[in-house]
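Content type compact mmCIF, N, CA and C atoms, from the file input_37.txt:
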# COMPACT_ATOMS: atom_id res chain seq x y z
N LEU A 1 10.96 -6.86 13.19
CA LEU A 1 11.06 -6.31 11.83
C LEU A 1 9.80 -5.54 11.46
N PHE A 2 8.64 -6.05 11.86
CA PHE A 2 7.41 -5.36 11.52
C PHE A 2 7.33 -3.97 12.13
N GLY A 3 7.97 -3.82 13.29
CA GLY A 3 7.95 -2.53 13.95
C GLY A 3 8.52 -1.43 13.07
N LEU A 4 9.40 -1.78 12.14
CA LEU A 4 9.96 -0.80 11.23
C LEU A 4 8.94 -0.31 10.22
N PHE A 5 7.94 -1.14 9.94
CA PHE A 5 6.98 -0.81 8.90
C PHE A 5 5.67 -0.26 9.44
N LEU A 6 5.23 -0.83 10.51
CA LEU A 6 3.92 -0.46 11.02
C LEU A 6 4.08 0.54 12.15
N VAL A 7 3.45 1.65 11.98
CA VAL A 7 3.52 2.70 12.98
C VAL A 7 2.21 2.70 13.73
N SER A 8 2.32 2.70 15.01
CA SER A 8 1.13 2.72 15.84
C SER A 8 0.37 4.00 15.58
N ILE A 9 -0.90 3.90 15.36
CA ILE A 9 -1.73 5.08 15.07
C ILE A 9 -2.22 5.67 16.37
N ASN A 10 -1.90 6.91 16.58
CA ASN A 10 -2.26 7.62 17.79
C ASN A 10 -3.65 8.21 17.64
N ALA A 11 -4.55 7.84 18.50
CA ALA A 11 -5.93 8.33 18.42
C ALA A 11 -6.02 9.84 18.60
N SER A 12 -5.03 10.45 19.26
CA SER A 12 -5.08 11.89 19.46
C SER A 12 -4.35 12.64 18.34
N ASP A 13 -3.93 11.95 17.32
CA ASP A 13 -3.24 12.56 16.20
C ASP A 13 -4.13 13.66 15.63
N ASP A 14 -3.57 14.85 15.49
CA ASP A 14 -4.41 15.97 15.11
C ASP A 14 -4.24 16.43 13.67
N HIS A 15 -3.50 15.69 12.82
CA HIS A 15 -3.44 16.16 11.45
C HIS A 15 -4.67 15.68 10.69
N ASP A 16 -4.96 16.37 9.63
CA ASP A 16 -6.21 16.16 8.91
C ASP A 16 -6.21 14.83 8.17
N HIS A 17 -7.25 14.05 8.37
CA HIS A 17 -7.44 12.77 7.67
C HIS A 17 -8.77 12.83 6.93
N ASP A 18 -8.76 13.49 5.78
CA ASP A 18 -10.00 13.57 5.00
C ASP A 18 -10.28 12.21 4.38
N HIS A 19 -11.52 11.81 4.47
CA HIS A 19 -11.96 10.56 3.85
C HIS A 19 -13.06 10.93 2.85
N ASP A 20 -12.88 10.46 1.62
CA ASP A 20 -13.88 10.79 0.61
C ASP A 20 -14.14 9.56 -0.24
N GLU A 21 -14.73 9.79 -1.40
CA GLU A 21 -15.12 8.67 -2.24
C GLU A 21 -13.93 7.89 -2.78
N GLU A 22 -12.71 8.41 -2.68
CA GLU A 22 -11.53 7.69 -3.14
C GLU A 22 -11.08 6.63 -2.15
N GLY A 23 -11.65 6.60 -0.99
CA GLY A 23 -11.25 5.66 0.04
C GLY A 23 -10.54 6.38 1.17
N PRO A 24 -10.24 5.64 2.21
CA PRO A 24 -9.58 6.27 3.36
C PRO A 24 -8.16 6.72 2.98
N ASP A 25 -7.66 7.68 3.69
CA ASP A 25 -6.31 8.18 3.50
C ASP A 25 -5.31 7.11 3.94
N CYS A 26 -4.35 6.78 3.08
CA CYS A 26 -3.36 5.74 3.40
C CYS A 26 -2.58 6.07 4.66
N THR A 27 -2.17 7.31 4.78
CA THR A 27 -1.39 7.71 5.95
C THR A 27 -2.19 7.51 7.22
N CYS A 28 -3.47 7.76 7.16
CA CYS A 28 -4.35 7.55 8.31
C CYS A 28 -4.35 6.07 8.69
N GLY A 29 -4.32 5.19 7.72
CA GLY A 29 -4.37 3.75 7.97
C GLY A 29 -3.07 3.13 8.41
N THR A 30 -1.94 3.74 8.00
CA THR A 30 -0.64 3.14 8.32
C THR A 30 0.19 3.96 9.29
N GLY A 31 -0.05 5.25 9.31
CA GLY A 31 0.80 6.13 10.10
C GLY A 31 2.09 6.49 9.39
N VAL A 32 2.23 6.10 8.12
CA VAL A 32 3.44 6.37 7.35
C VAL A 32 3.12 7.45 6.32
N GLU A 33 3.86 8.57 6.42
CA GLU A 33 3.71 9.66 5.46
C GLU A 33 4.37 9.28 4.13
N THR A 34 3.84 9.80 3.04
CA THR A 34 4.41 9.52 1.72
C THR A 34 5.90 9.86 1.68
N ALA A 35 6.30 10.95 2.30
CA ALA A 35 7.71 11.37 2.29
C ALA A 35 8.61 10.35 2.99
N GLU A 36 8.05 9.49 3.82
CA GLU A 36 8.83 8.47 4.53
C GLU A 36 9.05 7.21 3.70
N LEU A 37 8.35 7.07 2.60
CA LEU A 37 8.51 5.88 1.76
C LEU A 37 9.83 5.98 1.01
N ASP A 38 10.74 5.05 1.24
CA ASP A 38 12.04 5.06 0.59
C ASP A 38 12.13 3.87 -0.35
N CYS A 39 11.78 4.11 -1.59
CA CYS A 39 11.75 3.04 -2.58
C CYS A 39 13.15 2.65 -3.06
N ASP A 40 14.15 3.43 -2.67
CA ASP A 40 15.52 3.16 -3.10
C ASP A 40 16.40 2.62 -1.98
N ALA A 41 15.83 2.35 -0.83
CA ALA A 41 16.61 1.85 0.30
C ALA A 41 17.23 0.49 -0.05
N ASP A 42 18.40 0.24 0.52
CA ASP A 42 19.10 -1.03 0.25
C ASP A 42 18.26 -2.24 0.62
N ASP A 43 17.46 -2.12 1.67
CA ASP A 43 16.66 -3.25 2.13
C ASP A 43 15.20 -3.20 1.66
N PHE A 44 14.92 -2.33 0.68
CA PHE A 44 13.56 -2.16 0.20
C PHE A 44 12.94 -3.47 -0.27
N ASP A 45 13.62 -4.20 -1.15
CA ASP A 45 13.06 -5.44 -1.70
C ASP A 45 12.78 -6.46 -0.60
N THR A 46 13.69 -6.59 0.34
CA THR A 46 13.52 -7.53 1.44
C THR A 46 12.33 -7.12 2.32
N ASN A 47 12.26 -5.84 2.64
CA ASN A 47 11.17 -5.36 3.49
C ASN A 47 9.81 -5.50 2.81
N LEU A 48 9.76 -5.18 1.53
CA LEU A 48 8.50 -5.32 0.79
C LEU A 48 8.10 -6.79 0.70
N ALA A 49 9.05 -7.66 0.47
CA ALA A 49 8.77 -9.11 0.43
C ALA A 49 8.21 -9.58 1.77
N THR A 50 8.74 -9.04 2.87
CA THR A 50 8.24 -9.40 4.20
C THR A 50 6.78 -9.00 4.35
N LEU A 51 6.43 -7.82 3.89
CA LEU A 51 5.04 -7.36 3.97
C LEU A 51 4.13 -8.23 3.11
N GLN A 52 4.56 -8.53 1.89
CA GLN A 52 3.74 -9.33 0.99
C GLN A 52 3.57 -10.76 1.53
N THR A 53 4.62 -11.31 2.11
CA THR A 53 4.54 -12.63 2.72
C THR A 53 3.57 -12.61 3.90
N TYR A 54 3.61 -11.54 4.67
CA TYR A 54 2.70 -11.41 5.81
C TYR A 54 1.24 -11.52 5.33
N LEU A 55 0.90 -10.81 4.25
CA LEU A 55 -0.47 -10.86 3.74
C LEU A 55 -0.89 -12.29 3.43
N THR A 56 -0.04 -13.01 2.72
CA THR A 56 -0.42 -14.36 2.30
C THR A 56 -0.38 -15.36 3.44
N GLU A 57 0.67 -15.31 4.28
CA GLU A 57 0.77 -16.28 5.37
C GLU A 57 -0.32 -16.12 6.42
N ASN A 58 -0.84 -14.91 6.57
CA ASN A 58 -1.89 -14.66 7.54
C ASN A 58 -3.28 -14.62 6.90
N ASN A 59 -3.34 -14.98 5.62
CA ASN A 59 -4.60 -15.00 4.89
C ASN A 59 -5.39 -13.72 5.15
N CYS A 60 -4.72 -12.60 4.99
CA CYS A 60 -5.33 -11.30 5.31
C CYS A 60 -6.55 -10.98 4.45
N ILE A 61 -6.67 -11.61 3.31
CA ILE A 61 -7.81 -11.35 2.45
C ILE A 61 -9.13 -11.74 3.13
N GLN A 62 -9.05 -12.58 4.16
CA GLN A 62 -10.26 -12.98 4.89
C GLN A 62 -10.91 -11.79 5.60
N TYR A 63 -10.17 -10.70 5.77
CA TYR A 63 -10.69 -9.52 6.45
C TYR A 63 -11.22 -8.48 5.47
N CYS A 64 -11.43 -8.90 4.23
CA CYS A 64 -11.94 -8.02 3.18
C CYS A 64 -13.14 -8.66 2.50
N SER A 65 -14.06 -7.81 2.09
CA SER A 65 -15.22 -8.30 1.36
C SER A 65 -15.81 -7.17 0.53
N ASP A 66 -15.89 -7.39 -0.76
CA ASP A 66 -16.48 -6.40 -1.68
C ASP A 66 -15.91 -5.00 -1.48
N GLY A 67 -14.60 -4.90 -1.36
CA GLY A 67 -13.94 -3.62 -1.23
C GLY A 67 -14.04 -2.99 0.14
N ALA A 68 -14.42 -3.76 1.14
CA ALA A 68 -14.56 -3.23 2.50
C ALA A 68 -13.71 -4.05 3.47
N TYR A 69 -13.31 -3.41 4.53
CA TYR A 69 -12.58 -4.06 5.61
C TYR A 69 -13.58 -4.70 6.55
N VAL A 70 -13.33 -5.95 6.92
CA VAL A 70 -14.21 -6.68 7.84
C VAL A 70 -13.38 -7.05 9.07
N ALA A 71 -13.59 -6.32 10.15
CA ALA A 71 -12.83 -6.58 11.38
C ALA A 71 -13.24 -7.93 11.96
N SER A 72 -12.26 -8.61 12.52
CA SER A 72 -12.52 -9.91 13.13
C SER A 72 -12.85 -9.73 14.61
N SER A 73 -13.94 -10.33 15.04
CA SER A 73 -14.26 -10.30 16.47
C SER A 73 -13.40 -11.31 17.23
N ASP A 74 -12.93 -12.35 16.52
CA ASP A 74 -12.06 -13.36 17.14
C ASP A 74 -10.65 -12.83 17.37
N ASP A 75 -10.16 -12.04 16.44
CA ASP A 75 -8.79 -11.52 16.55
C ASP A 75 -8.72 -10.12 15.95
N PRO A 76 -9.25 -9.12 16.66
CA PRO A 76 -9.28 -7.76 16.12
C PRO A 76 -7.89 -7.18 15.85
N ALA A 77 -6.90 -7.56 16.65
CA ALA A 77 -5.54 -7.05 16.44
C ALA A 77 -4.98 -7.57 15.12
N GLN A 78 -5.20 -8.86 14.85
CA GLN A 78 -4.72 -9.47 13.60
C GLN A 78 -5.38 -8.81 12.40
N SER A 79 -6.69 -8.62 12.45
CA SER A 79 -7.38 -8.03 11.30
C SER A 79 -6.95 -6.59 11.10
N ALA A 80 -6.71 -5.85 12.17
CA ALA A 80 -6.25 -4.46 12.06
C ALA A 80 -4.84 -4.41 11.48
N GLU A 81 -3.97 -5.31 11.91
CA GLU A 81 -2.61 -5.34 11.38
C GLU A 81 -2.62 -5.72 9.90
N CYS A 82 -3.50 -6.64 9.53
CA CYS A 82 -3.61 -7.02 8.12
C CYS A 82 -3.99 -5.83 7.25
N ILE A 83 -4.95 -5.04 7.69
CA ILE A 83 -5.37 -3.91 6.87
C ILE A 83 -4.28 -2.85 6.82
N GLN A 84 -3.53 -2.70 7.91
CA GLN A 84 -2.38 -1.77 7.90
C GLN A 84 -1.34 -2.22 6.88
N VAL A 85 -1.02 -3.51 6.88
CA VAL A 85 -0.04 -4.03 5.93
C VAL A 85 -0.55 -3.85 4.50
N TRP A 86 -1.82 -4.13 4.26
CA TRP A 86 -2.40 -3.96 2.93
C TRP A 86 -2.30 -2.50 2.49
N PHE A 87 -2.66 -1.56 3.37
CA PHE A 87 -2.57 -0.14 3.01
C PHE A 87 -1.12 0.27 2.74
N LEU A 88 -0.18 -0.25 3.53
CA LEU A 88 1.23 0.09 3.32
C LEU A 88 1.73 -0.44 1.98
N ILE A 89 1.33 -1.65 1.63
CA ILE A 89 1.69 -2.18 0.31
C ILE A 89 1.06 -1.31 -0.78
N GLY A 90 -0.15 -0.85 -0.56
CA GLY A 90 -0.79 0.07 -1.50
C GLY A 90 -0.01 1.37 -1.64
N GLN A 91 0.51 1.88 -0.53
CA GLN A 91 1.32 3.10 -0.59
C GLN A 91 2.57 2.86 -1.45
N TYR A 92 3.25 1.73 -1.20
CA TYR A 92 4.43 1.42 -2.00
C TYR A 92 4.06 1.24 -3.47
N HIS A 93 2.95 0.59 -3.73
CA HIS A 93 2.51 0.37 -5.11
C HIS A 93 2.31 1.69 -5.82
N ASP A 94 1.67 2.64 -5.16
CA ASP A 94 1.34 3.91 -5.78
C ASP A 94 2.53 4.86 -5.87
N TYR A 95 3.49 4.71 -4.97
CA TYR A 95 4.57 5.69 -4.91
C TYR A 95 5.90 5.22 -5.50
N CYS A 96 6.11 3.93 -5.60
CA CYS A 96 7.38 3.42 -6.11
C CYS A 96 7.26 3.06 -7.59
N ILE A 97 8.40 2.81 -8.21
CA ILE A 97 8.44 2.50 -9.63
C ILE A 97 7.55 1.29 -9.94
N SER A 98 6.93 1.30 -11.11
CA SER A 98 6.07 0.19 -11.53
C SER A 98 6.83 -1.12 -11.43
N GLY A 99 6.16 -2.13 -10.92
CA GLY A 99 6.76 -3.45 -10.81
C GLY A 99 7.44 -3.71 -9.48
N SER A 100 7.50 -2.71 -8.60
CA SER A 100 8.13 -2.91 -7.29
C SER A 100 7.34 -3.90 -6.46
N VAL A 101 6.03 -3.78 -6.53
CA VAL A 101 5.12 -4.62 -5.75
C VAL A 101 4.67 -5.79 -6.63
N ASP A 102 4.44 -6.93 -6.04
CA ASP A 102 3.91 -8.10 -6.76
C ASP A 102 2.52 -7.72 -7.29
N GLU A 103 2.43 -7.45 -8.58
CA GLU A 103 1.19 -6.95 -9.19
C GLU A 103 0.04 -7.95 -9.08
N GLU A 104 0.34 -9.24 -9.22
CA GLU A 104 -0.72 -10.25 -9.13
C GLU A 104 -1.31 -10.25 -7.71
N LEU A 105 -0.46 -10.25 -6.72
CA LEU A 105 -0.91 -10.21 -5.33
C LEU A 105 -1.68 -8.92 -5.06
N PHE A 106 -1.13 -7.80 -5.52
CA PHE A 106 -1.76 -6.50 -5.29
C PHE A 106 -3.18 -6.47 -5.87
N HIS A 107 -3.34 -6.92 -7.10
CA HIS A 107 -4.65 -6.84 -7.74
C HIS A 107 -5.63 -7.88 -7.18
N THR A 108 -5.13 -9.00 -6.69
CA THR A 108 -6.00 -9.96 -6.00
C THR A 108 -6.60 -9.30 -4.76
N TYR A 109 -5.77 -8.64 -3.98
CA TYR A 109 -6.25 -7.96 -2.77
C TYR A 109 -7.08 -6.73 -3.12
N LEU A 110 -6.70 -6.01 -4.17
CA LEU A 110 -7.45 -4.82 -4.57
C LEU A 110 -8.88 -5.18 -4.98
N ASP A 111 -9.07 -6.36 -5.53
CA ASP A 111 -10.42 -6.80 -5.90
C ASP A 111 -11.30 -7.06 -4.69
N ALA A 112 -10.71 -7.35 -3.54
CA ALA A 112 -11.49 -7.70 -2.35
C ALA A 112 -11.43 -6.64 -1.25
N CYS A 113 -10.31 -5.97 -1.12
CA CYS A 113 -10.06 -5.08 0.02
C CYS A 113 -10.27 -3.61 -0.36
N PRO A 114 -10.44 -2.77 0.65
CA PRO A 114 -10.57 -1.34 0.35
C PRO A 114 -9.25 -0.78 -0.14
N ASP A 115 -9.31 0.17 -1.04
CA ASP A 115 -8.13 0.88 -1.50
C ASP A 115 -8.02 2.15 -0.65
N CYS A 116 -6.83 2.68 -0.56
CA CYS A 116 -6.67 3.94 0.16
C CYS A 116 -6.09 4.98 -0.79
N ALA A 117 -6.32 6.24 -0.48
CA ALA A 117 -5.90 7.33 -1.34
C ALA A 117 -4.62 7.97 -0.81
N GLN A 118 -3.72 8.27 -1.73
CA GLN A 118 -2.48 8.95 -1.37
C GLN A 118 -1.85 9.56 -2.60
N GLU A 119 -0.75 10.24 -2.40
CA GLU A 119 0.01 10.85 -3.47
C GLU A 119 0.66 9.76 -4.34
N PHE A 120 0.64 9.96 -5.64
CA PHE A 120 1.29 9.05 -6.57
C PHE A 120 2.66 9.60 -6.94
N TYR A 121 3.58 8.70 -7.24
CA TYR A 121 4.90 9.12 -7.69
C TYR A 121 4.80 9.69 -9.09
N GLU A 122 5.50 10.78 -9.33
CA GLU A 122 5.55 11.37 -10.67
C GLU A 122 7.01 11.62 -11.02
N TYR A 123 7.41 11.16 -12.22
CA TYR A 123 8.75 11.42 -12.70
C TYR A 123 8.84 12.86 -13.17
N GLU A 124 9.80 13.60 -12.63
CA GLU A 124 9.99 15.00 -13.02
C GLU A 124 10.33 15.06 -14.51
N GLY A 125 9.61 15.89 -15.24
CA GLY A 125 9.87 16.07 -16.66
C GLY A 125 9.28 14.99 -17.54
N ALA A 126 8.56 14.03 -16.97
CA ALA A 126 7.96 12.97 -17.79
C ALA A 126 6.84 13.54 -18.64
N PRO A 127 6.68 13.01 -19.85
CA PRO A 127 5.57 13.49 -20.69
C PRO A 127 4.23 13.06 -20.09
N ASP A 128 3.20 13.80 -20.43
CA ASP A 128 1.86 13.45 -19.96
C ASP A 128 1.47 12.08 -20.51
N CYS A 129 0.74 11.33 -19.70
CA CYS A 129 0.27 10.01 -20.13
C CYS A 129 -0.80 10.17 -21.20
N ASP A 130 -0.85 9.23 -22.09
CA ASP A 130 -1.93 9.19 -23.07
C ASP A 130 -2.23 7.73 -23.40
N ALA A 131 -3.15 7.53 -24.29
CA ALA A 131 -3.62 6.18 -24.62
C ALA A 131 -2.55 5.34 -25.31
N SER A 132 -1.45 5.96 -25.76
CA SER A 132 -0.43 5.18 -26.46
C SER A 132 0.50 4.43 -25.49
N LEU A 133 0.42 4.71 -24.18
CA LEU A 133 1.27 4.02 -23.21
C LEU A 133 0.84 2.57 -23.05
N ASN A 134 1.79 1.67 -23.20
CA ASN A 134 1.53 0.25 -23.02
C ASN A 134 1.71 -0.07 -21.53
N CYS A 135 0.61 -0.22 -20.82
CA CYS A 135 0.64 -0.41 -19.37
C CYS A 135 1.23 -1.75 -18.95
N THR A 136 1.38 -2.68 -19.87
CA THR A 136 1.96 -3.97 -19.51
C THR A 136 3.47 -3.98 -19.73
N ASP A 137 4.03 -2.90 -20.28
CA ASP A 137 5.46 -2.81 -20.55
C ASP A 137 6.08 -1.80 -19.59
N SER A 138 6.58 -2.29 -18.44
CA SER A 138 7.11 -1.38 -17.43
C SER A 138 8.35 -0.63 -17.93
N ALA A 139 9.13 -1.22 -18.83
CA ALA A 139 10.30 -0.53 -19.37
C ALA A 139 9.85 0.68 -20.20
N ALA A 140 8.80 0.52 -20.96
CA ALA A 140 8.29 1.64 -21.77
C ALA A 140 7.75 2.75 -20.90
N GLN A 141 7.28 2.43 -19.72
CA GLN A 141 6.75 3.45 -18.83
C GLN A 141 7.85 4.36 -18.31
N LEU A 142 9.08 3.91 -18.32
CA LEU A 142 10.20 4.69 -17.82
C LEU A 142 10.77 5.62 -18.87
N GLU A 143 10.41 5.43 -20.11
CA GLU A 143 10.97 6.26 -21.20
C GLU A 143 10.37 7.64 -21.21

Translate this structure into structure tokens?
Amino acid sequence: LFGLFLVSINASDDHDHDHDEEGPDCTCGTGVETAELDCDADDFDTNLATLQTYLTENNCIQYCSDGAYVASSDDPAQSAECIQVWFLIGQYHDYCISGSVDEELFHTYLDACPDCAQEFYEYEGAPDCDASLNCTDSAAQLE
């Protein structure tokens, strides 16, 4: 099942992976392009739950410290897979409708792990955001 989510990163990949102060490029970390994220797929909730469970069951937060990735010398494959899963969850968080990702889990990891930069989902024709938006009311965000 994980093979569907995690794409092996090819070291000879020649597309541009700019890294700047916003953090590493999500696509660079996961191998998944924003256009490949299907937030409306029939199995989306199940697949996202599998990723979130992976983070907690493997205690992936142990590979993060003060917003940085800490590779494990004992199990480098495990630590690399954990950061890939974290970045993929970040991609879904940024690109799918608010509330798709477990916000408590996401922000717990965001406090410890590096964030990655990618395109955010934008509703076509949505009004510009302003201070009147209640960020805790996901239904209001859809109006």

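Considering all atoms listed in the file, the residue among A:Cys60, A:Cys113, A:Val70, A:Cys96 positioned nearest to A:Asp38 is A:Cys96.
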
Seminar exercise, completed: Counting only N, CA and C atoms, the residue among A:Ile97, A:Leu88, A:Pro76, A:Asp66 that lies closest to A:Ala112 is A:Asp66

For this session: Counting all atoms listed in the file, figure out which residue out of A:Ala71, A:Val101, A:Cys82, A:Ala117 gets nearest to A:Asn58.
Result: A:Cys82

For this session: Give the helix (DSSP H, G or I) residues of stretch 32-95 of chain A, as DSSP finds them on the backbone, and put them as a PyMOL selection string.
Result: chain A and resi 34-36+44-57+60-63+76-95

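Between A:Ala80 and the candidates A:Asn47, A:Gln52, A:Ala35, A:Tyr63, the tightest atom-to-atom separation, counting only N, CA and C atoms, involves A:Tyr63.
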
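The gap separating atom CA of A:Asp75 from atom CA of A:Gly23 is 24.0 Å, in Å to one decimal.
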
Exercise. Atom C of A:Asp74 and atom C of A:Leu48, how far apart in Å?
Worked result: 25.8 Å

Exercise. A:Thr34: which residues within 8 Å, counting all atoms listed in the file, same-chain residues fewer than 2 positions away excluded, as a list in words?
Worked result: Cys26, Thr27, Gly31, Val32, Glu36, Leu37, Asp38, Gln91, Tyr95, Gln118 and Glu119 of chain A

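Going from atom CA of A:Thr46 to atom C of A:Ser100 covers 10.7 Å.
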